[in-house]
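See below for start-v1.cif, which holds mmCIF, C-alpha atoms.
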```
data_input
loop_
_atom_site.label_atom_id
_atom_site.label_comp_id
_atom_site.auth_asym_id
_atom_site.auth_seq_id
_atom_site.Cartn_x
_atom_site.Cartn_y
_atom_site.Cartn_z
CA MET A 24 -22.51 224.95 -41.47
CA ASN A 25 -21.40 228.47 -42.48
CA GLU A 26 -24.32 230.08 -40.67
CA GLY A 27 -23.56 227.94 -37.63
CA ALA A 28 -20.00 229.15 -37.66
CA LYS A 29 -21.21 232.75 -37.73
CA ILE A 30 -23.49 232.13 -34.77
CA GLY A 31 -20.77 230.23 -32.94
CA VAL A 32 -18.15 232.95 -33.33
CA ALA A 33 -20.58 235.65 -32.31
CA SER A 34 -22.00 233.83 -29.32
CA ASN A 35 -18.59 232.97 -27.99
CA THR A 36 -17.87 236.62 -27.26
CA LYS A 37 -19.97 236.24 -24.14
CA VAL A 38 -18.23 233.02 -23.17
CA GLY A 39 -14.82 234.63 -23.65
CA ARG A 40 -15.74 237.39 -21.18
CA LYS A 41 -15.94 234.89 -18.35
CA SER A 42 -12.23 234.15 -18.27
CA ILE A 43 -9.63 233.40 -20.89
CA PHE A 44 -7.88 231.27 -18.26
CA SER A 45 -10.73 228.76 -18.42
CA TYR A 46 -9.69 228.15 -22.04
CA LEU A 47 -5.99 227.66 -21.35
CA GLY A 48 -4.87 224.25 -22.52
CA PRO A 49 -4.00 223.37 -26.12
CA ALA A 50 -1.65 226.29 -26.88
CA LEU A 51 -0.16 226.01 -23.41
CA ILE A 52 0.77 222.41 -24.20
CA THR A 53 2.14 223.48 -27.60
CA SER A 54 4.19 226.20 -25.95
CA ALA A 55 5.60 223.86 -23.32
CA LEU A 56 6.59 221.12 -25.75
CA VAL A 57 8.28 223.59 -28.15
CA LEU A 58 10.31 225.24 -25.36
CA GLY A 59 12.80 222.46 -24.63
CA PRO A 60 16.41 222.30 -23.39
CA GLY A 61 17.63 223.15 -26.89
CA SER A 62 15.66 226.41 -26.81
CA VAL A 63 17.05 227.25 -23.36
CA THR A 64 20.62 226.59 -24.53
CA LEU A 65 20.18 228.58 -27.75
CA SER A 66 18.61 231.59 -26.01
CA SER A 67 21.47 231.50 -23.48
CA LYS A 68 24.11 231.31 -26.21
CA ILE A 69 22.60 234.16 -28.24
CA GLY A 70 22.41 236.37 -25.17
CA ALA A 71 25.98 235.52 -24.18
CA ILE A 72 27.40 236.41 -27.61
CA TYR A 73 25.15 239.21 -28.88
CA GLY A 74 23.49 240.52 -25.75
CA SER A 75 19.95 241.73 -26.48
CA GLN A 76 20.66 242.58 -30.14
CA LEU A 77 18.69 239.60 -31.48
CA VAL A 78 15.54 239.99 -29.36
CA TRP A 79 13.74 241.16 -32.53
CA THR A 80 14.34 237.79 -34.22
CA LEU A 81 12.64 236.04 -31.31
CA VAL A 82 9.65 238.38 -31.64
CA LEU A 83 9.34 237.61 -35.36
CA ALA A 84 9.66 233.85 -34.84
CA VAL A 85 6.98 233.91 -32.13
CA VAL A 86 4.59 235.98 -34.28
CA LEU A 87 4.89 233.42 -37.11
CA MET A 88 4.39 230.59 -34.61
CA MET A 89 1.25 232.35 -33.35
CA VAL A 90 -0.11 232.63 -36.90
CA TYR A 91 0.23 228.91 -37.66
CA THR A 92 -0.93 227.81 -34.20
CA GLU A 93 -4.06 229.96 -34.52
CA MET A 94 -4.70 228.56 -38.01
CA SER A 95 -4.35 225.06 -36.61
CA THR A 96 -6.77 225.91 -33.80
CA ARG A 97 -9.44 226.91 -36.32
CA ILE A 98 -8.79 223.76 -38.35
CA GLY A 99 -9.23 221.62 -35.25
CA ILE A 100 -12.55 223.32 -34.48
CA ALA A 101 -13.97 223.41 -38.01
CA ALA A 102 -12.84 220.11 -39.56
CA LYS A 103 -14.86 216.99 -38.89
CA ALA A 104 -11.81 214.73 -39.32
CA SER A 105 -8.30 215.07 -37.91
CA PHE A 106 -5.80 217.14 -39.90
CA ILE A 107 -4.15 214.07 -41.39
CA GLY A 108 -7.62 212.68 -42.12
CA VAL A 109 -8.45 215.87 -44.04
CA MET A 110 -5.16 215.65 -45.95
CA LYS A 111 -5.88 212.04 -46.96
CA GLU A 112 -9.23 213.15 -48.35
CA LYS A 113 -7.67 216.07 -50.25
CA TRP A 114 -4.34 214.70 -51.49
CA GLY A 115 -4.55 210.96 -50.90
CA PHE A 116 -3.33 208.47 -48.32
CA TRP A 117 0.36 209.11 -49.02
CA SER A 118 0.17 212.76 -47.97
CA GLY A 119 -1.16 211.88 -44.51
CA LEU A 120 1.37 209.08 -44.15
CA LEU A 121 4.21 211.44 -45.09
CA ILE A 122 3.17 213.92 -42.41
CA GLY A 123 2.80 211.16 -39.80
CA ILE A 124 6.14 209.49 -40.51
CA GLY A 125 7.93 212.84 -40.85
CA ALA A 126 6.61 214.12 -37.52
CA PHE A 127 7.53 210.84 -35.84
CA LEU A 128 11.10 210.87 -37.17
CA VAL A 129 11.71 214.52 -36.27
CA THR A 130 10.34 214.21 -32.72
CA ALA A 131 12.14 210.90 -32.10
CA SER A 132 15.44 212.33 -33.34
CA PHE A 133 15.32 215.25 -30.92
CA GLN A 134 13.87 213.29 -28.00
CA ALA A 135 17.31 212.35 -26.69
CA GLY A 136 18.01 216.02 -25.90
CA ASN A 137 14.82 216.23 -23.84
CA ALA A 138 15.71 213.13 -21.83
CA ILE A 139 19.27 214.34 -21.22
CA GLY A 140 18.08 217.83 -20.24
CA THR A 141 15.66 216.37 -17.71
CA GLY A 142 18.40 214.21 -16.18
CA LEU A 143 21.01 216.98 -16.06
CA ALA A 144 18.68 219.55 -14.52
CA ILE A 145 17.92 217.32 -11.53
CA SER A 146 21.39 215.78 -11.21
CA THR A 147 23.00 219.23 -10.95
CA VAL A 148 21.16 219.97 -7.71
CA THR A 149 21.08 216.41 -6.30
CA ASN A 150 24.62 215.26 -7.23
CA MET A 151 23.16 212.00 -8.52
CA LYS A 152 24.02 210.65 -11.97
CA PRO A 153 21.82 212.00 -14.81
CA THR A 154 21.19 208.43 -15.97
CA VAL A 155 19.25 207.69 -12.79
CA TRP A 156 16.94 210.63 -13.36
CA ILE A 157 16.49 209.85 -17.05
CA ILE A 158 15.24 206.39 -16.06
CA VAL A 159 13.03 207.79 -13.28
CA PHE A 160 11.29 210.37 -15.46
CA THR A 161 11.00 207.98 -18.39
CA LEU A 162 9.06 205.62 -16.13
CA ILE A 163 6.95 208.50 -14.78
CA SER A 164 6.14 209.62 -18.34
CA ILE A 165 5.04 206.13 -19.35
CA GLY A 166 3.02 205.78 -16.16
CA LEU A 167 1.16 209.04 -16.85
CA LEU A 168 0.12 207.72 -20.26
CA PHE A 169 -1.94 204.99 -18.62
CA ALA A 170 -3.72 207.27 -16.20
CA LYS A 171 -7.42 207.89 -16.80
CA GLN A 172 -8.18 211.06 -18.76
CA PHE A 173 -4.58 211.44 -19.95
CA TYR A 174 -5.30 214.65 -21.87
CA GLN A 175 -6.62 216.40 -18.75
CA ILE A 176 -3.53 215.26 -16.82
CA LEU A 177 -1.23 216.41 -19.63
CA GLU A 178 -2.93 219.80 -19.69
CA LYS A 179 -2.58 220.33 -15.94
CA LEU A 180 1.01 219.03 -15.96
CA MET A 181 1.99 221.45 -18.74
CA LEU A 182 0.29 224.33 -16.92
CA VAL A 183 2.34 223.57 -13.80
CA LEU A 184 5.57 223.24 -15.80
CA VAL A 185 4.96 226.49 -17.70
CA VAL A 186 4.31 228.31 -14.41
CA VAL A 187 7.51 226.75 -12.98
CA MET A 188 9.50 227.92 -16.03
CA LEU A 189 7.95 231.38 -15.99
CA LEU A 190 8.58 231.96 -12.28
CA ALA A 191 12.09 230.44 -12.32
CA PHE A 192 13.35 232.50 -15.26
CA LEU A 193 11.48 235.65 -14.15
CA ILE A 194 13.08 235.45 -10.71
CA THR A 195 16.45 234.98 -12.41
CA VAL A 196 15.96 238.12 -14.54
CA ILE A 197 14.89 240.17 -11.50
CA LEU A 198 17.99 238.90 -9.73
CA VAL A 199 20.46 239.93 -12.45
CA LYS A 200 18.89 243.42 -12.98
CA PRO A 201 19.26 243.87 -16.76
CA SER A 202 19.52 247.24 -18.51
CA ILE A 203 16.09 248.39 -19.66
CA VAL A 204 17.71 250.54 -22.37
CA ASP A 205 19.57 247.52 -23.77
CA ILE A 206 16.38 245.48 -23.79
CA PHE A 207 14.47 248.07 -25.83
CA GLN A 208 17.38 248.42 -28.26
CA GLY A 209 17.03 244.69 -28.93
CA PHE A 210 13.69 245.32 -30.67
CA ILE A 211 15.48 247.31 -33.41
CA PRO A 212 16.34 244.88 -36.25
CA VAL A 213 20.10 244.42 -36.73
CA ILE A 214 22.09 241.43 -37.96
CA PRO A 215 25.51 241.42 -36.26
CA ASP A 216 28.45 239.87 -38.12
CA GLY A 217 28.51 236.10 -37.78
CA SER A 218 25.04 235.90 -36.23
CA MET A 219 23.10 234.36 -39.14
CA GLY A 220 23.71 230.78 -38.02
CA LEU A 221 22.22 231.44 -34.58
CA ILE A 222 19.32 233.42 -36.07
CA ILE A 223 18.45 230.45 -38.27
CA ALA A 224 18.71 228.10 -35.30
CA LEU A 225 16.45 230.38 -33.23
CA PHE A 226 13.77 230.32 -35.91
CA ALA A 227 14.09 226.55 -36.23
CA THR A 228 13.48 226.02 -32.49
CA SER A 229 10.90 228.74 -31.79
CA PHE A 230 8.86 228.38 -35.00
CA SER A 231 7.94 224.69 -34.80
CA ILE A 232 5.50 223.86 -37.59
CA VAL A 233 5.03 220.32 -36.25
CA GLY A 234 4.09 221.76 -32.86
CA ALA A 235 1.69 224.22 -34.50
CA LEU A 236 0.09 221.39 -36.48
CA TYR A 237 -0.53 219.33 -33.35
CA GLN A 238 -2.58 222.20 -31.95
CA SER A 239 -5.47 221.00 -34.15
CA TYR A 240 -5.34 217.61 -32.43
CA LEU A 241 -5.19 219.14 -28.95
CA VAL A 242 -8.25 221.27 -29.77
CA LYS A 243 -10.20 218.12 -30.63
CA GLU A 244 -8.98 216.42 -27.43
CA LYS A 245 -10.20 219.48 -25.53
CA GLY A 246 -13.61 219.11 -27.17
CA TRP A 247 -13.89 222.64 -28.53
CA THR A 248 -16.70 223.45 -30.97
CA LEU A 249 -17.62 226.46 -33.10
CA THR A 250 -18.78 228.35 -30.02
CA ASP A 251 -15.19 228.23 -28.70
CA ALA A 252 -13.59 229.75 -31.81
CA ALA A 253 -13.05 233.31 -30.54
CA SER A 254 -11.66 232.27 -27.16
CA GLY A 255 -9.60 229.55 -28.84
CA LYS A 256 -7.91 232.24 -30.92
CA LYS A 257 -7.05 234.24 -27.80
CA GLU A 258 -5.75 231.11 -26.09
CA SER A 259 -3.51 230.39 -29.08
CA PHE A 260 -1.95 233.83 -28.90
CA LEU A 261 -1.54 233.78 -25.12
CA GLY A 262 0.01 230.29 -25.03
CA ILE A 263 2.58 231.04 -27.74
CA PHE A 264 3.30 234.48 -26.22
CA LEU A 265 4.40 232.67 -23.06
CA LEU A 266 6.78 230.56 -25.18
CA GLY A 267 8.41 233.71 -26.52
CA PHE A 268 8.41 235.53 -23.20
CA ILE A 269 10.22 232.72 -21.39
CA SER A 270 12.84 232.52 -24.16
CA PHE A 271 13.18 236.32 -23.91
CA LEU A 272 13.82 236.11 -20.15
CA ILE A 273 16.58 233.52 -20.68
CA MET A 274 18.22 235.59 -23.43
CA ILE A 275 18.21 238.74 -21.30
CA THR A 276 19.68 236.86 -18.33
CA ALA A 277 22.56 235.58 -20.47
CA ALA A 278 23.08 239.05 -21.98
CA THR A 279 23.38 240.55 -18.50
CA ILE A 280 25.54 237.88 -16.82
CA LEU A 281 27.53 236.03 -19.47
CA LYS A 282 28.28 238.66 -22.14
CA PRO A 283 30.20 241.06 -19.83
CA GLN A 284 32.37 238.11 -18.73
CA GLY A 285 32.94 236.88 -22.26
CA LEU A 286 31.46 233.48 -21.36
CA VAL A 287 29.73 231.35 -24.00
CA VAL A 288 27.65 228.35 -22.92
CA ASP A 289 27.41 225.06 -24.80
CA ASN A 290 24.48 223.72 -22.80
CA ALA A 291 21.78 225.05 -20.49
CA THR A 292 23.42 223.53 -17.38
CA GLU A 293 26.45 225.79 -17.84
CA MET A 294 24.13 228.80 -17.87
CA GLY A 295 22.71 227.79 -14.50
CA LEU A 296 26.13 227.19 -13.00
CA ALA A 297 27.37 230.59 -14.23
CA LEU A 298 24.90 232.28 -11.86
CA GLU A 299 26.31 230.65 -8.73
CA PRO A 300 29.52 232.73 -8.21
CA LEU A 301 27.51 235.95 -8.25
CA PHE A 302 24.24 235.00 -6.59
CA GLY A 303 24.84 231.76 -4.69
CA SER A 304 23.80 228.16 -5.16
CA TRP A 305 20.10 228.91 -4.72
CA SER A 306 20.11 230.92 -7.97
CA THR A 307 21.47 227.87 -9.78
CA PHE A 308 18.70 225.80 -8.19
CA VAL A 309 16.04 228.23 -9.44
CA PHE A 310 17.45 228.20 -12.98
CA MET A 311 17.70 224.40 -12.97
CA LEU A 312 14.09 224.21 -11.88
CA GLY A 313 13.21 226.17 -14.99
CA LEU A 314 15.41 223.92 -17.13
CA PHE A 315 13.68 220.86 -15.68
CA GLY A 316 10.30 222.36 -16.60
CA ALA A 317 11.47 222.95 -20.17
CA SER A 318 13.01 219.48 -20.51
CA PHE A 319 10.27 217.36 -18.94
CA SER A 320 7.46 219.20 -20.72
CA SER A 321 9.22 218.55 -24.04
CA LEU A 322 9.93 214.95 -23.06
CA MET A 323 6.20 214.33 -22.64
CA GLY A 324 4.87 216.68 -25.33
CA ASN A 325 7.34 215.77 -28.06
CA ALA A 326 6.61 212.07 -27.66
CA THR A 327 2.86 212.73 -27.70
CA ILE A 328 3.16 214.53 -31.04
CA GLY A 329 5.33 211.87 -32.65
CA GLY A 330 3.27 208.92 -31.48
CA SER A 331 -0.12 210.48 -32.22
CA LEU A 332 0.69 211.71 -35.72
CA LEU A 333 2.39 208.45 -36.72
CA ALA A 334 -0.68 206.50 -35.55
CA ASP A 335 -2.97 208.83 -37.49
CA GLY A 336 -0.75 208.57 -40.56
CA PHE A 337 -1.20 204.78 -40.57
CA GLY A 338 -4.93 205.10 -39.95
CA LEU A 339 -4.76 203.80 -36.37
CA GLY A 340 -6.49 206.83 -34.86
CA SER A 341 -5.08 209.76 -32.92
CA ASN A 342 -7.09 209.94 -29.71
CA LEU A 343 -4.85 209.86 -26.64
CA SER A 344 -7.06 207.21 -25.03
CA ASN A 345 -6.29 204.84 -27.93
CA MET A 346 -3.93 202.03 -26.84
CA LYS A 347 -2.14 201.94 -30.21
CA VAL A 348 -1.44 205.66 -29.93
CA LYS A 349 -0.13 205.19 -26.39
CA LEU A 350 2.25 202.45 -27.54
CA LEU A 351 3.70 204.64 -30.27
CA ILE A 352 4.12 207.51 -27.79
CA ILE A 353 6.02 205.10 -25.53
CA LEU A 354 8.20 204.14 -28.49
CA VAL A 355 9.30 207.78 -28.90
CA ILE A 356 9.91 208.16 -25.15
CA LEU A 357 12.03 205.00 -24.96
CA PHE A 358 13.95 205.87 -28.11
CA GLY A 359 15.06 209.21 -26.69
CA SER A 360 15.87 207.83 -23.25
CA VAL A 361 17.92 204.90 -24.56
CA ILE A 362 19.92 207.20 -26.88
CA GLY A 363 20.48 209.61 -23.99
CA ILE A 364 21.69 206.88 -21.62
CA VAL A 365 23.89 205.05 -24.15
CA PHE A 366 25.50 208.02 -25.90
CA GLY A 367 25.13 210.80 -23.31
CA SER A 368 24.11 213.18 -26.09
CA ALA A 369 22.31 213.02 -29.40
CA PRO A 370 24.76 211.52 -31.94
CA LEU A 371 25.74 213.81 -34.82
CA ASN A 372 24.35 211.37 -37.40
CA LEU A 373 20.97 211.45 -35.66
CA ILE A 374 20.89 215.26 -35.72
CA VAL A 375 21.85 215.33 -39.42
CA PHE A 376 19.15 212.75 -40.13
CA ALA A 377 16.55 214.88 -38.33
CA GLN A 378 17.63 217.93 -40.32
CA ALA A 379 17.36 215.97 -43.56
CA VAL A 380 13.80 214.89 -42.71
CA THR A 381 12.94 218.48 -41.77
CA ILE A 382 14.04 219.71 -45.21
CA PHE A 383 11.20 217.86 -46.91
CA VAL A 384 8.50 217.54 -44.26
CA VAL A 385 8.32 220.97 -42.61
CA PRO A 386 7.59 223.11 -45.72
CA PHE A 387 5.11 220.47 -46.87
CA ILE A 388 3.24 220.66 -43.55
CA ALA A 389 3.16 224.47 -43.72
CA ILE A 390 1.72 224.35 -47.24
CA ALA A 391 -0.85 221.77 -46.12
CA ILE A 392 -1.97 223.95 -43.19
CA LEU A 393 -2.37 226.97 -45.48
CA VAL A 394 -4.33 224.96 -48.04
CA VAL A 395 -6.70 223.45 -45.47
CA ALA A 396 -7.18 226.78 -43.66
CA ASN A 397 -8.29 228.31 -47.00
CA ASP A 398 -10.68 225.50 -47.91
CA LYS A 399 -14.20 226.91 -47.55
CA ARG A 400 -15.69 223.40 -47.62
CA VAL A 401 -13.68 222.37 -44.55
CA MET A 402 -13.48 225.67 -42.68
CA GLY A 403 -16.79 227.43 -43.36
CA GLU A 404 -16.73 230.89 -41.80
CA LEU A 405 -13.47 230.02 -40.00
CA LYS A 406 -11.62 230.14 -43.30
CA ASN A 407 -8.43 232.23 -43.41
CA LYS A 408 -8.68 236.00 -43.74
CA TRP A 409 -6.17 237.98 -45.81
CA LEU A 410 -3.88 238.85 -42.86
CA SER A 411 -3.50 235.20 -41.87
CA ASN A 412 -2.60 234.37 -45.46
CA VAL A 413 -0.04 237.17 -45.78
CA LEU A 414 1.69 236.24 -42.52
CA GLY A 415 1.31 232.54 -43.35
CA ILE A 416 3.10 233.01 -46.67
CA ILE A 417 5.89 234.94 -44.93
CA GLY A 418 6.19 232.04 -42.47
CA LEU A 419 6.30 229.55 -45.34
CA LEU A 420 9.09 231.51 -47.04
CA VAL A 421 11.05 231.48 -43.77
CA LEU A 422 10.62 227.70 -43.50
CA ILE A 423 11.71 227.21 -47.12
CA TYR A 424 14.81 229.29 -46.41
CA LEU A 425 15.55 227.16 -43.33
CA ALA A 426 15.18 224.05 -45.46
CA TYR A 427 17.51 225.54 -48.11
CA ASN A 428 20.05 226.34 -45.40
CA ASN A 429 19.87 222.73 -44.15
CA VAL A 430 20.53 221.48 -47.67
CA GLN A 431 23.61 223.69 -47.84
CA ASN A 432 24.89 222.50 -44.46
CA ILE A 433 24.26 218.80 -45.04
CA PHE A 434 25.28 218.35 -48.67
CA PHE A 435 27.65 221.21 -49.50
CA THR A 436 29.81 221.73 -46.38
#
```
If you convert what's in this file into structure tokens, what do you get?
Amino acid sequence: MNEGAKIGVASNTKVGRKSIFSYLGPALITSALVLGPGSVTLSSKIGAIYGSQLVWTLVLAVVLMMVYTEMSTRIGIAAKASFIGVMKEKWGFWSGLLIGIGAFLVTASFQAGNAIGTGLAISTVTNMKPTVWIIVFTLISIGLLFAKQFYQILEKLMLVLVVVMLLAFLITVILVKPSIVDIFQGFIPVIPDGSMGLIIALFATSFSIVGALYQSYLVKEKGWTLTDAASGKKESFLGIFLLGFISFLIMITAATILKPQGLVVDNATEMGLALEPLFGSWSTFVFMLGLFGASFSSLMGNATIGGSLLADGFGLGSNLSNMKVKLLIILVILFGSVIGIVFGSAPLNLIVFAQAVTIFVVPFIAIAILVVANDKRVMGELKNKWLSNVLGIIGLLVLIYLAYNNVQNIFFT
């Protein structure tokens, strides 16, 4: 197996020269599902309050996300079983079940925000109630699940939505004409007074360990083998780079438009509407198109993660063609949509519950990824090198700090 891995990595250099775009898929899906309406709102809020001062935190969060996504890519290629399957072999059935249930609870808890964001983005430009659009896109999402070759459809859909987001937010940045000097100053690490809460939130949304973990499942759905290892690594970096770049564009737009006016947004819709007085209604339409891309991609992707990992945790399989997996994905979709329609926003208790689950599950998943990625028996020649371990440990420490911060907020405030 080790010799095969060597041959595979070497021979793939030639394959990679054809076109990295032919390998786009898994990390693109991961990027799209991580970049949801919450990320858009947070990037807007940070830009509105601190301008471009916190761009460096986004860079760091994206680098750590790249590290774990790339590790997960190698695990998906090298391991014979799914990630949860490997964990059950190493640490017992309970470990896999914990990951599956934890991922399900976290994704289900935040699914309401994705449903609401999808509805608001379209309702803002159509003047129809958000509830109507939540129902419409919930039904579309469920319908897509039952299409033949769902993974291929999901991949193409996410590619389209990422392109929509990229173009929409890039056009918006070009429109507002930001200061290049201010942008470059944002790469110099500073922590402005009162900014720590937003920095922590930015890391929590941009550095999604559950999203990184699911990369290993997407790689298996894609059918990659050892010969795809080198190009898979490049695809991981490119896909997650796009996640960071789109968030960067949103932050810079807010820094240029909202900060000079002293405006602070509480949701992504307000950011879009703030563009209209200066640039006309079409600029709001372009921004809302980007918000729709972020919301609908997360609506589909988030549910896919939660349903697939829960099914695998219970030993029901994880393949997207599996009917049991589809039903659990539908459960996550419906949960978020019903909460969004009934409450109009994610209830505070639900958010606190999700944070409480995150405290225990997220650091555990990060440790599990590091352990598996360093297991020579599982990974062969795709085992972690020293740089991946150093950056991986830094990422783990960041996640432990985020968990500690959640403990403080939930139990001691």
Explicit residue set for the PyMOL selection byres ((chain A and resi 242) around 9), as a PDB file with C-alpha atoms, keeping the file's coordinate frame:
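As written to disk, out11.pdb reads:
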```
ATOM      1  CA  GLY A  48      -4.870 224.250 -22.520  1.00  0.00           C
ATOM      2  CA  PRO A  49      -4.000 223.370 -26.120  1.00  0.00           C
ATOM      3  CA  ALA A  50      -1.650 226.290 -26.880  1.00  0.00           C
ATOM      4  CA  SER A  95      -4.350 225.060 -36.610  1.00  0.00           C
ATOM      5  CA  THR A  96      -6.770 225.910 -33.800  1.00  0.00           C
ATOM      6  CA  ARG A  97      -9.440 226.910 -36.320  1.00  0.00           C
ATOM      7  CA  ILE A  98      -8.790 223.760 -38.350  1.00  0.00           C
ATOM      8  CA  GLY A  99      -9.230 221.620 -35.250  1.00  0.00           C
ATOM      9  CA  ILE A 100     -12.550 223.320 -34.480  1.00  0.00           C
ATOM     10  CA  TYR A 237      -0.530 219.330 -33.350  1.00  0.00           C
ATOM     11  CA  GLN A 238      -2.580 222.200 -31.950  1.00  0.00           C
ATOM     12  CA  SER A 239      -5.470 221.000 -34.150  1.00  0.00           C
ATOM     13  CA  TYR A 240      -5.340 217.610 -32.430  1.00  0.00           C
ATOM     14  CA  LEU A 241      -5.190 219.140 -28.950  1.00  0.00           C
ATOM     15  CA  LYS A 243     -10.200 218.120 -30.630  1.00  0.00           C
ATOM     16  CA  GLU A 244      -8.980 216.420 -27.430  1.00  0.00           C
ATOM     17  CA  LYS A 245     -10.200 219.480 -25.530  1.00  0.00           C
ATOM     18  CA  GLY A 246     -13.610 219.110 -27.170  1.00  0.00           C
ATOM     19  CA  TRP A 247     -13.890 222.640 -28.530  1.00  0.00           C
ATOM     20  CA  THR A 248     -16.700 223.450 -30.970  1.00  0.00           C
ATOM     21  CA  GLY A 255      -9.600 229.550 -28.840  1.00  0.00           C
TER      22      GLY A 255
END
```
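Selection result for the displayed file, with the PyMOL selection byres ((chain A and resi 174) around 9) as criterion, is Leu168, Lys171, Gln172, Phe173, Gln175, Ile176, Leu177, Glu178, Lys179, Leu241, Glu244, Lys245, Leu343 and Ser344 of chain A.
Of the residues listed (A:Ser331, A:Gly140, A:Leu182, A:Leu83), A:Gly140 shows the shortest atom-to-atom separation from Phe315 (chain A); distances use all atoms listed in the file.
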Problem set entry | Selection dump of the PyMOL selection byres ((chain A and resi 61) around 12), as a PyMOL selection string | chain A and resi 56-60+62-68+133-141+224-225+227-229+270+288-292+314+317-318+321-322+368-369
Exercise. Residues at most 9 Å from region 380-384 of chain A, counting all atoms listed in the file, excluding those fewer than 4 positions away in the same chain, as a ChimeraX atom specification?
Worked result: /A:121-122,125-126,128-129,375-376,388-389,422-423,425-430
Exercise. Of the candidates A:Val213, A:Thr307, A:Phe169, A:Ser132, which shows the shortest atom-to-atom distance to Val348 (chain A), using only C-alpha atoms?
Worked result: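 Closest candidate: A:Phe169.
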Once you add 3 Å to each side, what are the centre and edge lengths of the axis-aligned box holding all listed atoms of region 253-270 of chain A? One decimal in Å, as JSON, if you can.
```
{"center_x": -0.1, "center_y": 232.5, "center_z": -26.2, "size_x": 31.9, "size_y": 12.0, "size_z": 15.5}
```
If we count only C-alpha atoms and set the cut-off at 9 Å, which residues sit around region 108-117 of chain A, ignoring sequence neighbours fewer than 4 positions away in its own chain? Please answer as a PDB file with C-alpha atoms, in the coordinates of the input.
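Contents of out08.pdb, freshly written:
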```pdb
ATOM      1  CA  ALA A 102     -12.840 220.110 -39.560  1.00  0.00           C
ATOM      2  CA  LYS A 103     -14.860 216.990 -38.890  1.00  0.00           C
ATOM      3  CA  ALA A 104     -11.810 214.730 -39.320  1.00  0.00           C
ATOM      4  CA  LEU A 121       4.210 211.440 -45.090  1.00  0.00           C
ATOM      5  CA  ILE A 122       3.170 213.920 -42.410  1.00  0.00           C
ATOM      6  CA  ASP A 335      -2.970 208.830 -37.490  1.00  0.00           C
ATOM      7  CA  GLY A 336      -0.750 208.570 -40.560  1.00  0.00           C
ATOM      8  CA  PHE A 337      -1.200 204.780 -40.570  1.00  0.00           C
ATOM      9  CA  GLY A 338      -4.930 205.100 -39.950  1.00  0.00           C
ATOM     10  CA  ALA A 391      -0.850 221.770 -46.120  1.00  0.00           C
ATOM     11  CA  VAL A 395      -6.700 223.450 -45.470  1.00  0.00           C
ATOM     12  CA  VAL A 401     -13.680 222.370 -44.550  1.00  0.00           C
TER      13      VAL A 401
END
```
Exercise. So which one's closest to Leu333 (chain A), A:Ala71, A:Val185, A:Ile124, A:Leu286? Using all atoms listed in the file, please.
Worked result: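 For Leu333 (chain A), the nearest of the candidates is A:Ile124.
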For this session: Figure out the distance between CA of Phe387 (chain A) and CA of Leu332 (chain A), please, to one decimal in Å.
Result: 14.9 Å
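One distance worth recording is that between CA of Ser411 (chain A) and CA of Leu393 (chain A), which is 9.1 Å.
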List as a CSV table (one decimal) with C-alpha atoms, in the coordinates of the input the protein and nucleic acid residues near Leu184 (chain A), meaning an atom at most 8 Å away when all atoms listed in the file are counted, but skip any in the same chain fewer than 2 places from it.
```csv
chain,number,residue,atom,x,y,z
A,55,ALA,CA,5.6,223.9,-23.3
A,180,LEU,CA,1.0,219.0,-16.0
A,181,MET,CA,2.0,221.4,-18.7
A,182,LEU,CA,0.3,224.3,-16.9
A,186,VAL,CA,4.3,228.3,-14.4
A,187,VAL,CA,7.5,226.8,-13.0
A,188,MET,CA,9.5,227.9,-16.0
A,316,GLY,CA,10.3,222.4,-16.6
A,317,ALA,CA,11.5,223.0,-20.2
A,320,SER,CA,7.5,219.2,-20.7
```
For this session: Could you check how far CA of Pro215 (chain A) sits from CA of Ile69 (chain A), in Å to one decimal?
Result: 11.2 Å
Problem set entry | Residue nearest Phe310 (chain A) - candidates A:Leu266, A:Leu193, A:Ile328, A:Ile52, atoms counted: only C-alpha atoms | A:Leu193
Could you list, as a CSV table (one decimal) with C-alpha atoms, keeping the file's coordinate frame, every residue within 12 Å of Trp409 (chain A), counting all atoms listed in the file and ignoring same-chain residues fewer than 6 positions away?
```
chain,number,residue,atom,x,y,z
A,393,LEU,CA,-2.4,227.0,-45.5
A,396,ALA,CA,-7.2,226.8,-43.7
A,397,ASN,CA,-8.3,228.3,-47.0
A,415,GLY,CA,1.3,232.5,-43.4
A,416,ILE,CA,3.1,233.0,-46.7
```
Problem set entry | Option closest in space to Lys347 (chain A), from A:Leu410, A:Gly330, A:Ile214, A:Gly367 [counting only C-alpha atoms] |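 Checking each candidate against Lys347 (chain A), we get A:Gly330 as the closest.
Each of A:Val155, A:Ala84, A:Leu167, A:Ile390 was compared to Ser118 (chain A) using all atoms listed in the file, and A:Ile390 turns out to be the nearest.
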